[in-house]
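A.B. asks: Just one file: final.cif, with mmCIF, C-alpha atoms.
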data_query
#
loop_
_atom_site.label_atom_id
_atom_site.label_comp_id
_atom_site.auth_asym_id
_atom_site.auth_seq_id
_atom_site.Cartn_x
_atom_site.Cartn_y
_atom_site.Cartn_z
CA MET P 1 190.85 99.90 79.60
CA SER P 2 192.55 102.18 77.13
CA PRO P 3 195.37 100.80 74.93
CA ALA P 4 197.79 103.19 76.67
CA LEU P 5 197.01 101.84 80.15
CA LEU P 6 197.10 98.24 78.88
CA SER P 7 200.49 98.83 77.26
CA GLY P 8 201.81 100.40 80.46
CA LEU P 9 200.75 97.34 82.45
CA LEU P 10 202.33 95.16 79.74
CA GLY P 11 205.55 97.13 80.25
CA ALA P 12 205.41 96.44 83.99
CA ALA P 13 204.86 92.71 83.36
CA LEU P 14 207.81 92.63 80.92
CA VAL P 15 210.09 94.29 83.49
CA GLY P 16 209.08 91.62 86.03
CA LEU P 17 209.56 88.70 83.60
CA GLY P 18 212.91 90.03 82.47
CA LEU P 19 214.16 90.58 86.01
CA TYR P 20 213.21 87.01 86.93
CA GLY P 21 215.03 85.60 83.89
CA LEU P 22 218.07 87.79 84.52
CA ILE P 23 218.48 86.40 88.06
CA VAL P 24 217.51 82.77 87.46
CA HIS P 25 219.28 81.84 84.20
CA PRO P 26 222.93 80.85 84.61
CA HIS P 27 223.65 81.17 80.85
CA PRO P 28 224.92 84.68 79.93
CA LEU P 29 223.12 84.67 76.55
CA ARG P 30 219.83 83.94 78.35
CA LYS P 31 220.61 86.74 80.80
CA LEU P 32 221.11 89.06 77.83
CA LEU P 33 217.71 88.07 76.38
CA ALA P 34 216.06 88.70 79.74
CA PHE P 35 217.82 92.05 80.03
CA ASN P 36 216.43 93.06 76.63
CA LEU P 37 212.93 92.18 77.91
CA ILE P 38 213.42 94.59 80.83
CA GLY P 39 214.60 97.21 78.34
CA SER P 40 211.56 96.94 76.08
CA GLY P 41 209.31 97.05 79.15
CA VAL P 42 210.90 100.33 80.23
CA PHE P 43 210.52 101.68 76.67
CA LEU P 44 206.81 100.79 76.74
CA VAL P 45 206.28 102.63 80.03
CA PHE P 46 208.00 105.63 78.45
CA GLY P 47 205.76 105.12 75.44
CA ILE P 48 202.61 105.64 77.46
CA VAL P 49 204.16 108.80 78.91
CA ALA P 50 204.50 109.95 75.29
CA ARG P 51 200.91 108.94 74.49
CA ARG P 52 199.50 110.71 77.56
CA GLY P 53 201.45 113.84 76.61
CA ALA P 54 199.20 114.37 73.58
CA ALA P 55 198.78 118.13 73.16
CA ALA P 56 198.97 120.97 70.67
CA GLY P 57 197.28 118.93 67.96
CA PHE P 58 199.69 115.96 68.23
CA ALA P 59 198.42 112.50 69.22
CA PHE P 60 201.62 112.04 71.25
CA ASP P 61 204.54 113.91 72.81
CA ALA P 62 207.32 113.55 70.23
CA ALA P 63 210.23 114.00 72.67
CA PRO P 64 209.84 110.70 74.62
CA GLN P 65 209.12 108.81 71.39
CA ALA P 66 212.29 110.12 69.78
CA MET P 67 214.25 109.12 72.89
CA VAL P 68 212.78 105.60 72.73
CA ILE P 69 213.96 105.34 69.10
CA THR P 70 217.52 106.27 70.08
CA GLY P 71 217.14 103.98 73.11
CA ILE P 72 216.28 100.94 70.97
CA VAL P 73 219.36 101.50 68.80
CA VAL P 74 221.63 102.00 71.84
CA ALA P 75 220.18 98.86 73.48
CA PHE P 76 221.08 96.93 70.34
CA ALA P 77 224.64 98.33 70.40
CA ALA P 78 225.03 97.30 74.05
CA SER P 79 223.66 93.81 73.29
CA ALA P 80 226.18 93.41 70.44
CA LEU P 81 229.02 94.37 72.78
CA ALA P 82 227.75 91.88 75.38
CA VAL P 83 227.56 89.12 72.74
CA ALA P 84 231.14 89.84 71.67
CA LEU P 85 232.31 89.62 75.30
CA ILE P 86 230.40 86.37 75.90
CA LEU P 87 231.84 84.74 72.76
CA ARG P 88 235.36 85.87 73.71
CA LEU P 89 234.90 84.48 77.22
CA ALA P 90 233.78 81.14 75.80
CA ALA P 91 236.62 81.04 73.24
CA ALA P 92 239.29 81.95 75.79
CA GLY P 93 238.13 79.81 78.69
CA GLY P 94 236.12 76.99 77.12
CA LYS P 95 233.27 77.69 79.52
CA VAL P 96 230.10 79.75 79.19
CA THR P 97 229.36 80.89 82.69
CA LEU P 98 229.57 83.93 84.92
CA ASP P 99 229.83 81.76 88.04
CA PRO P 100 233.11 82.62 89.81
CA LYS P 101 233.20 79.17 91.41
CA ALA P 102 233.40 77.51 87.99
CA TRP P 103 236.42 79.65 87.11
CA ALA P 104 238.14 79.00 90.45
CA LYS P 105 238.85 75.36 89.47
CA PRO P 106 240.85 75.54 86.23
CA ASP P 107 241.19 71.72 85.91
CA ASP P 108 237.39 71.36 85.79
CA GLY P 109 237.06 72.43 82.15
CA GLY P 110 239.02 69.55 80.68
CA ALA P 111 237.27 66.90 82.76
CA LYS P 112 234.02 67.06 80.78
CA MET N 113 180.81 97.09 69.79
CA SER N 114 184.25 97.73 68.43
CA VAL N 115 186.56 94.80 67.84
CA LEU N 116 189.69 96.82 68.72
CA PRO N 117 189.62 96.32 72.53
CA VAL N 118 189.44 92.56 72.00
CA LEU N 119 192.36 92.70 69.56
CA ASP N 120 194.31 94.78 72.09
CA LEU N 121 193.81 92.15 74.76
CA VAL N 122 194.73 89.28 72.40
CA LEU N 123 197.85 91.17 71.32
CA ILE N 124 198.93 91.78 74.91
CA VAL N 125 198.33 88.17 75.94
CA LEU N 126 200.41 87.03 72.93
CA VAL N 127 203.25 89.42 73.77
CA ILE N 128 203.34 88.31 77.41
CA GLY N 129 203.19 84.66 76.33
CA LEU N 130 206.14 85.09 73.96
CA ALA N 131 208.10 87.05 76.59
CA ALA N 132 207.47 84.27 79.10
CA TRP N 133 208.57 81.70 76.50
CA THR N 134 211.93 83.48 76.03
CA ILE N 135 212.42 83.02 79.78
CA VAL N 136 211.16 79.45 80.30
CA ALA N 137 212.23 77.76 77.03
CA ARG N 138 214.89 75.11 77.65
CA ASP N 139 216.67 75.63 74.34
CA ILE N 140 218.52 78.90 73.56
CA PHE N 141 217.49 78.75 69.91
CA ALA N 142 213.79 78.46 70.87
CA ALA N 143 214.17 81.38 73.26
CA VAL N 144 215.78 83.54 70.55
CA LEU N 145 213.04 82.67 68.03
CA ALA N 146 210.40 83.63 70.60
CA TYR N 147 212.26 86.91 71.12
CA VAL N 148 212.18 87.74 67.39
CA ALA N 149 208.42 87.07 67.22
CA TYR N 150 208.04 89.09 70.41
CA GLY N 151 209.84 92.06 68.83
CA LEU N 152 207.55 91.98 65.79
CA LEU N 153 204.37 91.80 67.90
CA LEU N 154 205.66 94.56 70.17
CA ALA N 155 205.77 96.75 67.05
CA PHE N 156 201.95 96.38 66.87
CA VAL N 157 201.68 97.53 70.49
CA TRP N 158 203.68 100.62 69.51
CA ILE N 159 201.28 101.27 66.63
CA ARG N 160 198.41 101.14 69.13
CA LEU N 161 200.27 103.81 71.12
CA HIS N 162 200.21 106.06 68.02
CA ALA N 163 203.96 105.61 67.61
CA PRO N 164 204.53 104.30 64.05
CA ASP N 165 208.14 105.57 64.03
CA VAL N 166 208.96 103.59 67.18
CA ALA N 167 207.10 100.58 65.74
CA LEU N 168 209.29 100.64 62.61
CA THR N 169 212.44 100.87 64.74
CA GLU N 170 211.29 98.10 67.11
CA ALA N 171 210.43 95.77 64.22
CA ALA N 172 213.69 96.45 62.35
CA VAL N 173 216.20 96.78 65.20
CA GLY N 174 214.55 95.36 68.33
CA GLY N 175 213.19 92.26 66.61
CA GLY N 176 215.05 91.84 63.33
CA VAL N 177 218.68 92.84 63.76
CA THR N 178 218.83 91.82 67.44
CA GLY N 179 217.37 88.45 66.40
CA VAL N 180 220.10 87.93 63.79
CA LEU N 181 222.70 88.96 66.39
CA LEU N 182 221.44 86.42 68.95
CA ILE N 183 220.93 83.57 66.45
CA THR N 184 224.46 84.12 65.11
CA ALA N 185 225.79 84.26 68.69
CA GLY N 186 224.01 80.99 69.57
CA LYS N 187 225.48 79.24 66.52
CA ARG N 188 229.00 80.54 67.19
CA LEU N 189 228.70 79.53 70.83
CA GLY N 190 227.61 76.04 69.74
CA ALA N 191 230.60 75.82 67.37
CA LEU N 192 232.98 76.67 70.23
CA LYS N 193 231.71 73.61 72.15
CA ALA N 194 232.22 75.50 75.39
CA SER N 195 230.79 73.67 78.39
CA GLU N 196 228.04 75.38 80.28
CA ALA N 197 229.39 75.22 83.80
CA GLY N 198 226.82 77.36 85.60
CA ALA N 199 224.78 75.63 88.27
CA PRO N 200 221.00 75.54 87.62
CA PRO N 201 219.11 77.73 90.08
CA GLY N 202 217.75 76.16 93.25
CA LEU N 203 214.11 76.37 94.31
CA VAL N 204 214.85 78.99 96.97
CA LEU N 205 216.58 81.27 94.45
CA LYS N 206 213.64 80.83 92.04
CA LEU N 207 211.14 81.73 94.74
CA VAL N 208 213.11 84.77 95.92
CA ALA N 209 213.68 85.96 92.33
CA GLY N 210 209.98 85.43 91.56
CA ALA N 211 208.94 87.43 94.61
CA LEU N 212 211.39 90.23 93.75
CA ALA N 213 210.20 90.29 90.12
CA LEU N 214 206.55 90.45 91.26
CA LEU N 215 207.39 93.28 93.65
CA VAL N 216 209.19 95.33 90.98
CA ALA N 217 206.52 94.66 88.34
CA GLY N 218 203.84 95.62 90.86
CA ALA N 219 205.63 98.84 91.70
CA VAL N 220 205.98 99.77 88.01
CA ALA N 221 202.32 98.88 87.39
CA PHE N 222 201.30 101.05 90.36
CA ALA N 223 203.36 103.93 88.99
CA VAL N 224 201.69 103.49 85.59
CA VAL N 225 198.19 103.48 87.06
CA SER N 226 198.83 106.49 89.29
CA LEU N 227 200.43 108.75 86.67
CA PRO N 228 199.19 112.34 87.05
CA THR N 229 196.01 113.09 85.07
CA SER N 230 197.39 116.29 83.59
CA ALA N 231 200.40 114.68 81.96
CA PRO N 232 203.50 116.82 81.53
CA THR N 233 204.28 117.29 77.84
CA LEU N 234 206.78 118.97 75.55
CA ALA N 235 204.42 118.82 72.56
CA PRO N 236 203.49 122.54 72.63
CA GLU N 237 207.16 123.55 72.74
CA ILE N 238 207.95 121.20 69.87
CA ALA N 239 205.03 122.66 67.91
CA ALA N 240 206.33 126.15 68.69
CA ALA N 241 209.85 125.20 67.55
CA ALA N 242 208.54 123.71 64.27
CA PRO N 243 208.66 126.88 62.15
CA GLY N 244 212.20 127.72 63.31
CA PRO N 245 214.94 125.12 63.67
CA GLY N 246 212.87 122.19 62.42
CA ALA N 247 211.58 124.12 59.42
CA GLY N 248 210.18 122.02 56.61
CA LEU N 249 209.88 118.79 58.59
CA GLY N 250 206.32 117.45 58.70
CA ASN N 251 207.20 114.50 60.94
CA PRO N 252 207.49 115.76 64.55
CA ILE N 253 209.70 112.78 65.53
CA THR N 254 212.25 113.67 62.85
CA ALA N 255 212.02 117.32 63.95
CA VAL N 256 212.83 116.29 67.53
CA LEU N 257 215.64 113.92 66.49
CA MET N 258 217.28 116.27 64.01
CA ALA N 259 216.50 119.75 65.36
CA TYR N 260 214.92 119.95 68.79
CA ARG N 261 217.25 117.39 70.43
CA SER N 262 219.86 117.02 67.72
CA PHE N 263 222.81 116.85 70.12
CA ASP N 264 221.35 113.65 71.67
CA THR N 265 221.03 112.11 68.24
CA MET N 266 224.62 112.98 67.33
CA LEU N 267 225.91 111.45 70.59
CA GLU N 268 223.81 108.35 69.97
CA LYS N 269 225.65 107.87 66.65
CA VAL N 270 228.92 108.18 68.59
CA VAL N 271 227.70 105.42 70.92
CA LEU N 272 227.21 103.16 67.88
CA ILE N 273 230.78 103.83 66.76
CA LEU N 274 232.09 103.17 70.29
CA ALA N 275 230.18 99.88 70.34
CA VAL N 276 231.78 98.87 67.03
CA LEU N 277 235.21 99.73 68.50
CA GLY N 278 234.35 97.70 71.62
CA VAL N 279 233.32 94.67 69.56
CA TRP N 280 236.44 94.90 67.37
CA SER N 281 238.73 95.19 70.38
CA VAL N 282 237.74 91.84 71.89
CA GLY N 283 239.20 90.06 68.85
CA ALA N 284 242.41 88.06 69.16
CA ASP N 285 245.66 90.01 68.64
CA GLN N 286 246.83 88.08 65.58
CA ALA N 287 243.48 88.63 63.81
CA TRP N 288 243.63 92.43 64.09
CA GLY N 289 242.85 94.16 60.80
CA ALA N 290 241.32 91.06 59.25
CA ALA N 291 237.65 90.63 58.35
CA PRO N 292 235.07 89.35 60.86
CA ALA N 293 233.99 85.74 60.43
CA PRO N 294 231.31 85.10 57.77
CA LEU N 295 227.74 85.09 59.07
CA ARG N 296 227.14 81.56 57.74
CA LYS N 297 229.07 78.44 56.94
CA PRO N 298 229.55 77.68 53.25
CA PRO N 299 227.83 76.70 51.11
CA PRO N 300 224.46 78.48 51.41
CA ASP N 301 221.57 76.64 49.77
CA GLY N 302 220.04 77.80 46.51
CA ALA N 303 216.88 79.13 48.16
CA MET N 304 218.90 81.42 50.43
CA VAL N 305 220.91 82.82 47.51
CA PHE N 306 217.73 83.32 45.47
CA LEU N 307 216.03 85.07 48.40
CA ALA N 308 218.99 87.41 48.86
CA GLN N 309 219.17 88.19 45.13
CA ILE N 310 215.46 89.05 44.98
CA LEU N 311 214.99 90.64 48.41
CA ALA N 312 218.16 92.68 48.88
CA PRO N 313 217.71 95.09 45.92
CA ALA N 314 214.00 95.56 46.67
CA GLY N 315 214.65 95.96 50.39
CA ALA N 316 217.43 98.49 49.76
CA LEU N 317 215.00 100.58 47.69
CA ILE N 318 212.39 100.39 50.47
CA GLY N 319 215.06 101.39 53.00
CA ILE N 320 216.00 104.49 50.98
CA HIS N 321 212.30 105.31 50.55
CA ILE N 322 211.66 105.04 54.30
CA PHE N 323 214.60 107.35 54.97
CA TRP N 324 213.35 109.84 52.35
CA VAL N 325 209.70 109.98 53.49
CA GLY N 326 210.89 110.28 57.12
CA ALA N 327 210.91 114.07 56.79
CA ASP N 328 207.12 114.20 56.55
CA ALA N 329 205.78 110.72 57.39
CA PRO N 330 206.72 107.87 59.73
CA GLY N 331 210.23 106.72 58.90
CA GLY N 332 213.63 108.34 58.95
CA ALA N 333 217.35 107.73 59.13
CA PHE N 334 217.20 105.08 61.88
CA GLN N 335 214.54 102.95 60.24
CA GLY N 336 215.87 103.33 56.70
CA GLY N 337 219.42 102.65 57.85
CA ALA N 338 218.33 99.55 59.77
CA LEU N 339 216.56 98.20 56.66
CA LEU N 340 219.65 98.78 54.51
CA ALA N 341 221.71 97.07 57.22
CA ALA N 342 219.35 94.08 57.14
CA MET N 343 219.69 93.82 53.36
CA TRP N 344 223.48 93.84 53.59
CA MET N 345 223.27 91.09 56.23
CA ILE N 346 221.00 88.98 53.99
CA ALA N 347 223.57 89.31 51.20
CA MET N 348 226.32 88.28 53.65
CA MET N 349 224.29 85.28 54.87
CA ALA N 350 223.89 84.09 51.28
CA ARG N 351 227.67 84.58 50.91
CA LEU N 352 227.06 86.94 47.97
CA THR N 353 229.38 89.30 49.79
CA GLU N 354 231.68 88.94 52.80
CA PRO N 355 232.23 91.13 55.86
CA PRO N 356 234.85 93.82 55.06
CA ARG N 357 238.32 93.92 56.58
CA VAL N 358 238.21 96.10 59.71
CA ALA N 359 241.52 97.74 58.71
CA SER N 360 239.88 99.21 55.57
CA ARG N 361 240.23 103.00 55.59
CA ARG N 362 237.19 103.50 53.37
CA LEU N 363 235.08 101.47 55.76
CA ARG N 364 236.26 103.45 58.77
CA HIS N 365 235.69 106.81 57.06
CA ALA N 366 232.18 105.79 56.00
CA LEU N 367 231.48 104.52 59.51
CA ILE N 368 232.31 107.82 61.20
CA SER N 369 230.84 110.00 58.42
CA GLY N 370 227.41 110.24 60.12
CA PRO N 371 228.48 111.76 63.46
CA ALA N 372 231.35 113.65 61.78
CA VAL N 373 229.12 115.50 59.30
CA PHE N 374 226.57 116.06 62.07
CA LEU N 375 229.22 117.55 64.37
CA VAL N 376 230.74 119.79 61.68
CA ILE N 377 227.36 121.21 60.67
CA GLY N 378 226.39 121.51 64.34
CA LEU N 379 229.58 123.51 65.05
CA ALA N 380 228.95 125.65 61.97
CA GLY N 381 225.56 126.44 63.47
CA ALA N 382 227.36 128.61 66.02
CA PHE N 383 228.37 130.91 63.15
CA ILE N 384 225.74 130.60 60.40
CA ALA N 385 222.81 130.31 62.82
CA ASP N 386 222.39 131.63 66.32
CA ALA N 387 223.61 128.66 68.37
CA PHE N 388 225.62 125.46 68.55
CA PHE N 389 223.57 122.75 66.76
CA ALA N 390 221.10 125.29 65.39
CA PHE N 391 220.25 125.52 61.68
CA PRO N 392 219.35 128.70 59.78
CA PRO N 393 215.61 128.23 59.02
CA ALA N 394 216.03 128.81 55.28
CA LEU N 395 218.64 126.06 55.02
CA ALA N 396 217.27 123.75 57.73
CA LYS N 397 215.72 121.09 55.55
CA PRO N 398 218.59 120.63 53.06
CA LEU N 399 221.12 120.60 55.92
CA ILE N 400 219.08 118.05 57.88
CA LEU N 401 218.72 115.83 54.80
CA LEU N 402 222.49 116.04 54.21
CA ILE N 403 223.22 115.00 57.80
CA GLU N 404 220.62 112.24 57.63
CA THR N 405 222.12 110.83 54.41
CA PHE N 406 225.46 110.28 56.14
CA MET N 407 223.70 108.99 59.26
CA VAL N 408 221.93 106.36 57.14
CA LEU N 409 225.34 105.33 55.76
CA SER N 410 226.82 105.08 59.29
CA ILE N 411 223.87 103.10 60.64
CA ALA N 412 223.72 100.77 57.64
CA LEU N 413 227.41 99.94 58.20
CA ALA N 414 227.52 99.90 62.01
CA LEU N 415 224.62 97.49 62.62
CA PRO N 416 225.96 94.64 60.39
CA LEU N 417 229.49 95.18 61.74
CA LEU N 418 228.13 94.81 65.28
CA VAL N 419 226.43 91.55 64.26
CA ALA N 420 229.49 90.24 62.36
CA GLY N 421 231.63 90.56 65.48
CA PRO N 422 235.37 91.03 66.07
CA PRO N 423 238.03 90.51 63.38
CA ASN N 424 238.60 86.81 62.98
CA GLY N 425 240.59 86.11 59.83
CA SER N 426 239.23 82.59 59.33
CA ASP N 427 236.45 81.22 57.15
CA GLU N 428 234.67 79.51 60.04
CA PRO N 429 231.63 81.47 61.28
#
Written as structure tokens, that's how I'd like the structure from this file.

C.D. replies:
Amino acid sequence: MSPALLSGLLGAALVGLGLYGLIVHPHPLRKLLAFNLIGSGVFLVFGIVARRGAAAGFAFDAAPQAMVITGIVVAFAASALAVALILRLAAAGGKVTLDPKAWAKPDDGGAK
Amino acid sequence: MSVLPVLDLVLIVLVIGLAAWTIVARDIFAAVLAYVAYGLLLAFVWIRLHAPDVALTEAAVGGGVTGVLLITAGKRLGALKASEAGAPPGLVLKLVAGALALLVAGAVAFAVVSLPTSAPTLAPEIAAAAPGPGAGLGNPITAVLMAYRSFDTMLEKVVLILAVLGVWSVGADQAWGAAPAPLRKPPPDGAMVFLAQILAPAGALIGIHIFWVGADAPGGAFQGGALLAAMWMIAMMARLTEPPRVASRRLRHALISGPAVFLVIGLAGAFIADAFFAFPPALAKPLILLIETFMVLSIALALPLLVAGPPNGSDEP
């Protein structure tokens, strides 16, 4: 198998792993990690599109690669915003969860 | 027989193993460490895809800076002593999520395998555009980022600024205008200070070099800016310097200088060249280098500010 095909399949596996983690983990920071895995999987799939677009003397199509570079930076910016929101949620409410049931009982936080 | 296919397989098994570890690890810190290692190894996968520019970005931003962000977040979350109230997932949810994940991964894999054999490509158009708007740039990625799709790149800088604004605006009201919390509790140990004193000047030089060679070789404003950002963060972790006050005018002007200069020169393109965001071929390279210089400044400031978080006003990290 060529490296491009292998990397594409790796991208598919990363999307699957990330999706599983995103659903299963209750902790928002773990969800964020899993979401980043999905993101890098999608970038890899786009990367093999770039590799397969080799033409005109280039070993790759530069347009998708350039978009992946901007994508990685934007993904980081979104992660930083998510981290800030998570930390604010924890500081304001004393709980790190996205579960609406945990927020419905305000007296629960002090019991622990 | 070549050894490369074997190395490819080993690399991919390692990357999948680390990705799985970020999902199954019990401890957040262990998961974050696995993610950093994963980002670095993923950079090798990008090199195998003939994408050294993406590999540099992935190693610097995807692995490095994101890793610092998550480690800092984990420590700050631990310091808040917030209780984790979420219920652990039941077996049924795990099975359903696993089946859904398998289905989606299978669909993506099928799409990858059945991509058309004559792949659509923009490479000939980019090659054709090279003598005009991207004149003087030997690196096709930089030509795409700065000339062929320059409007995208300018908007992407704006996204970074918006993210900084978003992070600042979740701070508490009374802390507004103050500096973000330090990245580390005092006092840093001697080894950390020594590392920062040795590494930061050398790393800053390498960052400027990577930006400069980006015109003709792998590298560019993103990668160089991310390296400079990392060096500033190392200095902040060693407490050699502190995060700046967010009310500082100089900081804000420097932060927006990248997209601002880009936008002004792009608008001028409507008059001095033939279109909005076009450059006159004779001036293309100096103009692009001027824009990139300010972009490096913006990126090198925005990434550490995103990691440092909202204004805090206290000495506790």

A.B. asks: Excluding same-chain residues fewer than 3 positions from Val49 of chain P, what lies within 12 Å of it counting only C-alpha atoms, as a VMD selection string?

C.D. replies: (chain P and resid 4 to 5 7 to 8 11 42 to 46 52 to 54 59 to 65 67 to 68) or (chain N and resid 161 to 163 223 to 235)

A.B. asks: Suppose you want the space between atom CA of Thr97 of chain P and atom CA of Leu189 of chain N; what is it in Å?

C.D. replies: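 Separation between atom CA of Thr97 of chain P and atom CA of Leu189 of chain N: 12.0 Å.
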
A.B. asks: Exactly which residues make up the result of the PyMOL selection byres ((chain P and resi 30-38) around 6) on this file, given as an MDAnalysis selection string?

C.D. replies: chainID P and resid 14:15 18 21:22 27:29 39:41

A.B. asks: With C-alpha atoms retained, write the just-selected residues as a compact mmCIF listing (two decimals), in the frame of the given file.

C.D. replies:
# COMPACT_ATOMS: atom_id res chain seq x y z
CA LEU P 14 207.81 92.63 80.92
CA VAL P 15 210.09 94.29 83.49
CA GLY P 18 212.91 90.03 82.47
CA GLY P 21 215.03 85.60 83.89
CA LEU P 22 218.07 87.79 84.52
CA HIS P 27 223.65 81.17 80.85
CA PRO P 28 224.92 84.68 79.93
CA LEU P 29 223.12 84.67 76.55
CA GLY P 39 214.60 97.21 78.34
CA SER P 40 211.56 96.94 76.08
CA GLY P 41 209.31 97.05 79.15

A.B. asks: Figure out the distance between atom CA of Val270 of chain N and atom CA of Asp386 of chain N, please, to one decimal in Å.

C.D. replies: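 Computing the Euclidean distance for atom CA of Asp386 of chain N and atom CA of Val270 of chain N yields 24.4 Å.
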
A.B. asks: Measuring atom to atom with all atoms listed in the file, identify which of N:Trp324, N:Phe263, N:Phe306, N:Phe334 is nearest to chain P.

C.D. replies: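 With all atoms listed in the file as the atom set, the closest residue is N:Phe334.
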
A.B. asks: For atom CA of Ala414 of chain N and atom CA of Ile368 of chain N, quote the distance in Å rounded to one decimal.

C.D. replies: 9.3 Å

A.B. asks: Using only C-alpha atoms, which of P:Leu6, P:Val24, P:Ile69, P:Leu89 sits nearest Gly332 of chain N?

C.D. replies: P:Ile69

A.B. asks: Please enumerate the residues selected by the PyMOL selection byres ((chain N and resi 349) around 8) when evaluated against the supplied file, formatted as a ChimeraX atom specification.

C.D. replies: /N:294-296,300,304,345-348,350-352

A.B. asks: Written as JSON, numbers by chain, what is the full residue list that the PyMOL selection byres ((chain N and resi 275) around 8) yields on the file shown?

C.D. replies: {"P": [77, 78, 80, 81], "N": [271, 272, 273, 274, 276, 277, 278, 279, 418]}

A.B. asks: Please list, as a PyMOL selection string, the residues that have an atom at most 12 Å away from (227.9, 77.6, 80.0) in the coordinates of this file, counting all atoms listed in the file.

C.D. replies: (chain P and resi 25-31+86-87+89-91+93-99+102-103+109) or (chain N and resi 140+186+189-190+192-200)

A.B. asks: Need to verify the contact set: Arg364 of chain N, 12 Å, only C-alpha atoms, exclusion of same-chain residues closer than 3 positions in sequence. Can you return it as a VMD selection string?

C.D. replies: chain N and resid 273 276 to 277 289 356 to 361 367 to 370 372 409 to 410 413 to 414 417

A.B. asks: Set the distance at 8 Å and use only C-alpha atoms: which residues neighbour Ala333 of chain N once local chain neighbours fewer than 3 positions away are removed? I'd like the list as a ChimeraX atom specification.

C.D. replies: /N:322-323,326,336-337,404-405,407-408

A.B. asks: Would you mind telling me which residue in P:Ser2, P:Lys101, P:Ala75, P:Ala12 lies nearest to chain N when using only C-alpha atoms?

C.D. replies: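 Answer, going by the shortest atom-to-atom distance: P:Ala12.
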
A.B. asks: Given 8 Å of margin on each side, can you work out the centre and size in Å (one decimal) of an axis-aligned box holding every listed atom of segment 85-92 of chain P, as JSON?

C.D. replies:
{"center_x": 234.8, "center_y": 85.3, "center_z": 75.0, "size_x": 24.9, "size_y": 24.6, "size_z": 20.5}

A.B. asks: Could you tell me, as a ChimeraX atom specification, which residues have any atom at most 8 Å from (221.1, 94.4, 67.1), counting all atoms listed in the file?

C.D. replies: /P:73,75-77,79-80 /N:173-174,176-181,415,418-419
